[in-house]
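Chemist: First the structure, then my questions, so here it is.
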Amino acid sequence: MKDFMQENMDEFLPLREVVFKTLRQSILTGELKPGERLMEIHLADKLGVSRTPIREAIRKLELEGLVTMIPRRGAEVAKISEKNLKDVLEVRTCLDSLAVRLACQRITDEQIADLKKACDDFVLATKTGEATAITKADVKLHDVIVRATGNERLQQMINTLSEQMYRYRFEYIKDSAYHALLIEEHRRIYESIAARDEERAVAEITQHIENQLHTIRKHLHFTE
């Protein structure tokens with residue numbers, strides 16, 4: 001957590017923003033576990049700051065749904081909810097289906113090359129065995145598709161959902177057993193968009209999201 005603090009200090013961000021980003025990253029990557037209490041004094045000592053930026057960061061994290069305030073207990077990392085997972089993926093299926101349709105219509109040759117490179121970069125990332133690098137490569141691949149739509153409002157909506165999905169994505173992507181499937185799914189999505197085949201692209205992205213639901217449920221031990 002302190003290493004992340006130092007990285008952001010070098011970017012000359014306000015201290016409250018550094019603390020917020022540090023705590024947020026720790027939650028998203030699982031360093032701070034679901035249900036873990038966030039003790040202001042402990043966190044302030046660990047990060048070498050006063051309690052004020054810790055308190056401000058916790059408030060912002062609560063607004064994002066990453067922290068829950070419990071009466072007579074205080075703040076704790078929000079638990080991973082199956083219902084939230086389903087809700088997010090239902091909306092994501094609709095938005096991503098629209099995104100690949102628009103991408104098929106509007107993607108440029110340069111963006112097709114970017115998408116191919118993103119697929120190749122994801123393969124390379126899986127070989128590192130580092131979950132954070134793999135997750136970032138996965139996000140970047142989907143970002144290429146969303147940018148290709150040319151629709152800024154759609155980009156904003158998908159980015160918001162993507163942030164909510166990060167914890168779930170991280171939980172299953174760190175398991176190498178799923179990497180071969182993800183590589184194959186990315187290849188199929190790329191090929192369908194490169195061919196500007198809207199129906200196939202929608203089918204491929206829908207299957208990709210359905211597989212995410214099943215694998216995340218299994219990995220987090222949710223019952224079918």
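Ordered as shown in the structure tokens, chains take letters A, B, and onward, while each chain numbers its residues from 1 and ligands are numbered from 1 in the order shown.
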Could you please write out, as a PyMOL selection string, every residue of stretch 8-221 of chain A that DSSP assigns to alpha helix (DSSP H)?
Modeler: chain A and resi 8-9+15-28+40-47+51-63+82-106+109-128+131-148+152-173+179-194+198-219
Chemist: Set out as CSV a contact list for stretch 67-175 of chain A and stretch 197-211 of chain A with a cut-off of 6 Å, giving each residue of stretch 67-175 of chain A that qualifies its closest atom pair and distance in Å to one decimal, counting only C-alpha atoms, ordered by chain and rising residue number.
Modeler:
```
residue,atom,partner,partner_atom,distance
A:Ser97,CA,A:Val202,CA,5.1
A:Arg101,CA,A:Glu198,CA,5.1
A:Cys104,CA,A:Glu198,CA,5.9
```
Chemist: Would you export the selected residues with N, CA, C and O atoms as a compact mmCIF listing (two decimals), in the first residue's frame, please?
Modeler:
```
# COMPACT_ATOMS: atom_id res chain seq x y z
N SER A 97 -23.21 -4.98 -25.95
CA SER A 97 -23.82 -5.38 -27.22
C SER A 97 -23.96 -4.18 -28.14
O SER A 97 -23.67 -4.26 -29.35
N ARG A 101 -21.77 -3.39 -31.73
CA ARG A 101 -22.51 -3.04 -32.95
C ARG A 101 -21.97 -1.74 -33.54
O ARG A 101 -21.69 -1.65 -34.75
N CYS A 104 -18.47 -2.17 -34.95
CA CYS A 104 -18.48 -2.80 -36.28
C CYS A 104 -18.77 -1.77 -37.37
O CYS A 104 -18.24 -1.85 -38.49
```
Chemist: Need to verify the contact set: A:Gly35, 7 Å, only C-alpha atoms, exclusion of same-chain residues closer than 5 positions in sequence. Can you return it as a ChimeraX atom specification?
Modeler: /A:76-79
Chemist: Can you pull out every residue within 8 Å of stretch 129-131 of chain A, counting only C-alpha atoms, but drop anything in the same chain fewer than 6 positions away, and send it as a list in words?
Modeler: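 Close residues of stretch 129-131 of chain A: Phe170, Ile173, Lys174 and Ser176 of chain A.
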Chemist: Take the residues from that selection and put them in a file with all heavy atoms, as an mmCIF file, in the first residue's frame.
Modeler:
```
data_model
loop_
_atom_site.group_PDB
_atom_site.id
_atom_site.type_symbol
_atom_site.label_atom_id
_atom_site.label_comp_id
_atom_site.auth_asym_id
_atom_site.auth_seq_id
_atom_site.Cartn_x
_atom_site.Cartn_y
_atom_site.Cartn_z
ATOM 1 N N PHE A 170 -11.000 -9.268 -11.028
ATOM 2 C CA PHE A 170 -9.707 -9.588 -10.421
ATOM 3 C C PHE A 170 -9.751 -10.944 -9.729
ATOM 4 O O PHE A 170 -8.778 -11.696 -9.759
ATOM 5 C CB PHE A 170 -9.338 -8.491 -9.414
ATOM 6 C CG PHE A 170 -7.901 -8.542 -8.971
ATOM 7 C CD1 PHE A 170 -6.922 -7.891 -9.696
ATOM 8 C CD2 PHE A 170 -7.536 -9.236 -7.833
ATOM 9 C CE1 PHE A 170 -5.598 -7.924 -9.286
ATOM 10 C CE2 PHE A 170 -6.220 -9.286 -7.423
ATOM 11 C CZ PHE A 170 -5.244 -8.627 -8.152
ATOM 12 N N ILE A 173 -9.679 -13.593 -12.650
ATOM 13 C CA ILE A 173 -8.619 -13.492 -13.649
ATOM 14 C C ILE A 173 -7.266 -13.901 -13.081
ATOM 15 O O ILE A 173 -6.351 -14.242 -13.816
ATOM 16 C CB ILE A 173 -8.573 -12.060 -14.221
ATOM 17 C CG1 ILE A 173 -8.167 -12.096 -15.694
ATOM 18 C CG2 ILE A 173 -7.644 -11.161 -13.421
ATOM 19 C CD1 ILE A 173 -8.387 -10.794 -16.423
ATOM 20 N N LYS A 174 -7.150 -13.879 -11.750
ATOM 21 C CA LYS A 174 -5.879 -14.282 -11.154
ATOM 22 C C LYS A 174 -5.706 -15.797 -11.167
ATOM 23 O O LYS A 174 -4.626 -16.289 -10.849
ATOM 24 C CB LYS A 174 -5.772 -13.748 -9.726
ATOM 25 C CG LYS A 174 -6.798 -14.267 -8.748
ATOM 26 C CD LYS A 174 -6.684 -13.529 -7.425
ATOM 27 C CE LYS A 174 -7.710 -14.017 -6.411
ATOM 28 N NZ LYS A 174 -7.667 -13.254 -5.154
ATOM 29 N N SER A 176 -5.119 -18.905 -13.296
ATOM 30 C CA SER A 176 -4.618 -19.188 -14.646
ATOM 31 C C SER A 176 -5.474 -20.191 -15.405
ATOM 32 O O SER A 176 -5.373 -20.294 -16.627
ATOM 33 C CB SER A 176 -3.175 -19.690 -14.568
ATOM 34 O OG SER A 176 -3.110 -20.891 -13.800
#
```
Chemist: Report the distance between atom CA of A:Ala75 and atom CA of A:Leu38 in Å, rounded to one decimal place.
Modeler: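 So the answer is 5.4 Å.
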Chemist: Taking the backbone alone, and naming residues the way the document does, which bits of stretch 10-215 of chain A are strand (DSSP E or B) by DSSP, as a list in words?
Modeler: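 The strand (DSSP E or B) residues within stretch 10-215 of chain A come out as Arg37, Val67, Thr68, Met69, Ile70, Gly74, Ala75, Glu76 and Val77 of chain A.
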Chemist: For those residues, write C-alpha atoms to a file as a CSV table (one decimal), in the first residue's frame.
Modeler:
```csv
chain,number,residue,atom,x,y,z
A,37,ARG,CA,-12.8,-3.1,9.1
A,67,VAL,CA,-17.1,0.7,1.7
A,68,THR,CA,-20.1,0.1,3.9
A,69,MET,CA,-20.8,2.0,7.2
A,70,ILE,CA,-22.0,-0.3,9.9
A,74,GLY,CA,-17.7,1.8,11.6
A,75,ALA,CA,-16.5,1.5,8.1
A,76,GLU,CA,-15.7,-1.9,6.5
A,77,VAL,CA,-14.8,-3.0,3.0
```
Chemist: Work out how far atom CA of A:Ala113 is from atom CA of A:Gln212, in Å to one decimal.
Modeler: 25.5 Å
Chemist: Skipping near chain neighbours, those fewer than 2 positions away, what residues fall within 12 Å of A:Glu64 using only C-alpha atoms, listed as a list in words?
Modeler: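 Listed by chain and then number, they are Phe20, Arg24, Ile27, Leu28, Ala57, Ile58, Arg59, Lys60, Leu61, Glu62, Leu66, Val67, Thr68, Val77, Ala78, Thr160, Leu161, Glu163, Gln164 and Met165 of chain A.
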Chemist: Output N, CA, C and O atoms for every residue in the selection just made, as a compact mmCIF listing (two decimals), in the first residue's frame.
Modeler:
```txt
# COMPACT_ATOMS: atom_id res chain seq x y z
N PHE A 20 -7.02 8.42 -1.17
CA PHE A 20 -8.21 7.80 -1.76
C PHE A 20 -7.81 6.74 -2.79
O PHE A 20 -8.31 5.61 -2.77
N ARG A 24 -8.45 2.77 -2.46
CA ARG A 24 -9.31 2.20 -3.52
C ARG A 24 -8.61 1.04 -4.21
O ARG A 24 -9.19 -0.03 -4.43
N ILE A 27 -8.51 -2.04 -2.09
CA ILE A 27 -9.79 -2.76 -2.06
C ILE A 27 -10.00 -3.52 -3.36
O ILE A 27 -10.37 -4.70 -3.36
N LEU A 28 -9.75 -2.86 -4.49
CA LEU A 28 -10.00 -3.48 -5.79
C LEU A 28 -9.14 -4.71 -6.02
O LEU A 28 -9.56 -5.68 -6.65
N ALA A 57 -11.38 9.92 2.40
CA ALA A 57 -11.30 8.82 1.43
C ALA A 57 -12.37 7.78 1.70
O ALA A 57 -13.00 7.26 0.76
N ILE A 58 -12.61 7.48 2.95
CA ILE A 58 -13.63 6.49 3.31
C ILE A 58 -15.01 6.97 2.86
O ILE A 58 -15.82 6.17 2.35
N ARG A 59 -15.28 8.26 3.01
CA ARG A 59 -16.57 8.80 2.55
C ARG A 59 -16.73 8.62 1.05
O ARG A 59 -17.80 8.23 0.57
N LYS A 60 -15.68 8.92 0.28
CA LYS A 60 -15.75 8.78 -1.17
C LYS A 60 -15.91 7.31 -1.57
O LYS A 60 -16.65 6.98 -2.50
N LEU A 61 -15.23 6.43 -0.87
CA LEU A 61 -15.33 5.00 -1.17
C LEU A 61 -16.72 4.47 -0.84
O LEU A 61 -17.21 3.56 -1.52
N GLU A 62 -17.35 5.05 0.16
CA GLU A 62 -18.73 4.66 0.48
C GLU A 62 -19.66 5.05 -0.67
O GLU A 62 -20.55 4.27 -1.05
N LEU A 66 -17.79 0.82 -2.42
CA LEU A 66 -16.69 -0.05 -2.04
C LEU A 66 -16.53 -0.16 -0.52
O LEU A 66 -15.83 -1.04 -0.03
N VAL A 67 -17.18 0.74 0.20
CA VAL A 67 -17.14 0.74 1.66
C VAL A 67 -18.56 0.82 2.20
O VAL A 67 -19.41 1.50 1.63
N THR A 68 -18.80 0.10 3.28
CA THR A 68 -20.10 0.12 3.94
C THR A 68 -19.93 0.63 5.36
O THR A 68 -18.98 0.25 6.06
N VAL A 77 -14.84 -2.77 4.42
CA VAL A 77 -14.84 -3.01 2.98
C VAL A 77 -16.13 -3.73 2.60
O VAL A 77 -16.52 -4.71 3.25
N ALA A 78 -16.82 -3.22 1.59
CA ALA A 78 -18.09 -3.81 1.18
C ALA A 78 -17.90 -5.26 0.76
O ALA A 78 -16.91 -5.60 0.09
N THR A 160 -17.90 3.38 -15.97
CA THR A 160 -18.42 3.32 -14.60
C THR A 160 -18.69 1.87 -14.20
O THR A 160 -18.32 1.43 -13.11
N LEU A 161 -19.33 1.13 -15.07
CA LEU A 161 -19.61 -0.28 -14.78
C LEU A 161 -18.32 -1.10 -14.70
O LEU A 161 -18.22 -2.02 -13.89
N GLU A 163 -15.47 -0.16 -13.59
CA GLU A 163 -14.86 0.04 -12.29
C GLU A 163 -15.57 -0.82 -11.23
O GLU A 163 -14.92 -1.37 -10.34
N GLN A 164 -16.90 -0.92 -11.33
CA GLN A 164 -17.64 -1.73 -10.37
C GLN A 164 -17.33 -3.22 -10.56
O GLN A 164 -17.44 -4.01 -9.62
N MET A 165 -16.94 -3.59 -11.78
CA MET A 165 -16.64 -4.99 -12.08
C MET A 165 -15.23 -5.39 -11.70
O MET A 165 -14.89 -6.57 -11.65
```
Chemist: For A:Gly150, work out the shell of residues within 10 Å, counting only C-alpha atoms and skipping chain neighbours fewer than 3 positions away, then give it as a list in words.
Modeler: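 Using only C-alpha atoms, the neighbours found are Ala99, Leu102, Ala103, Arg106, Ile107, Ile145, Val146, Arg147, Arg153, Leu154 and Gln155 of chain A.
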Chemist: Kindly give the distance, in Å, that separates atom CA of A:Gly30 and atom CA of A:Arg217, rounded to a single decimal.
Modeler: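 About the pair atom CA of A:Gly30 and atom CA of A:Arg217: they are 16.7 Å apart.
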Chemist: Check the smallest atom-to-atom distance from each of A:Ile189, A:Leu124, A:Leu23, A:Leu182 to A:Lys46 using only C-alpha atoms, then report the winner.
Modeler: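 Smallest separation from A:Lys46 among the options: A:Leu23.
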Chemist: Tell me which protein, DNA and RNA residues are within 10 Å of A:Val139, counting only C-alpha atoms, leaving out same-chain ones fewer than 6 positions away, and put them as a list in words.
Modeler: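 The residues that qualify are Ala118, Phe122, Ala133, Asn159, Ser162, Glu163, Tyr166 and Arg169 of chain A.
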Chemist: Nearest to A:Asn84 among A:Ile193, A:Lys33, A:His214, A:Gly65, with distances taken over only C-alpha atoms: which residue is it?
Modeler: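 Comparing A:Ile193, A:Lys33, A:His214, A:Gly65 against A:Asn84, the winner is A:Gly65.
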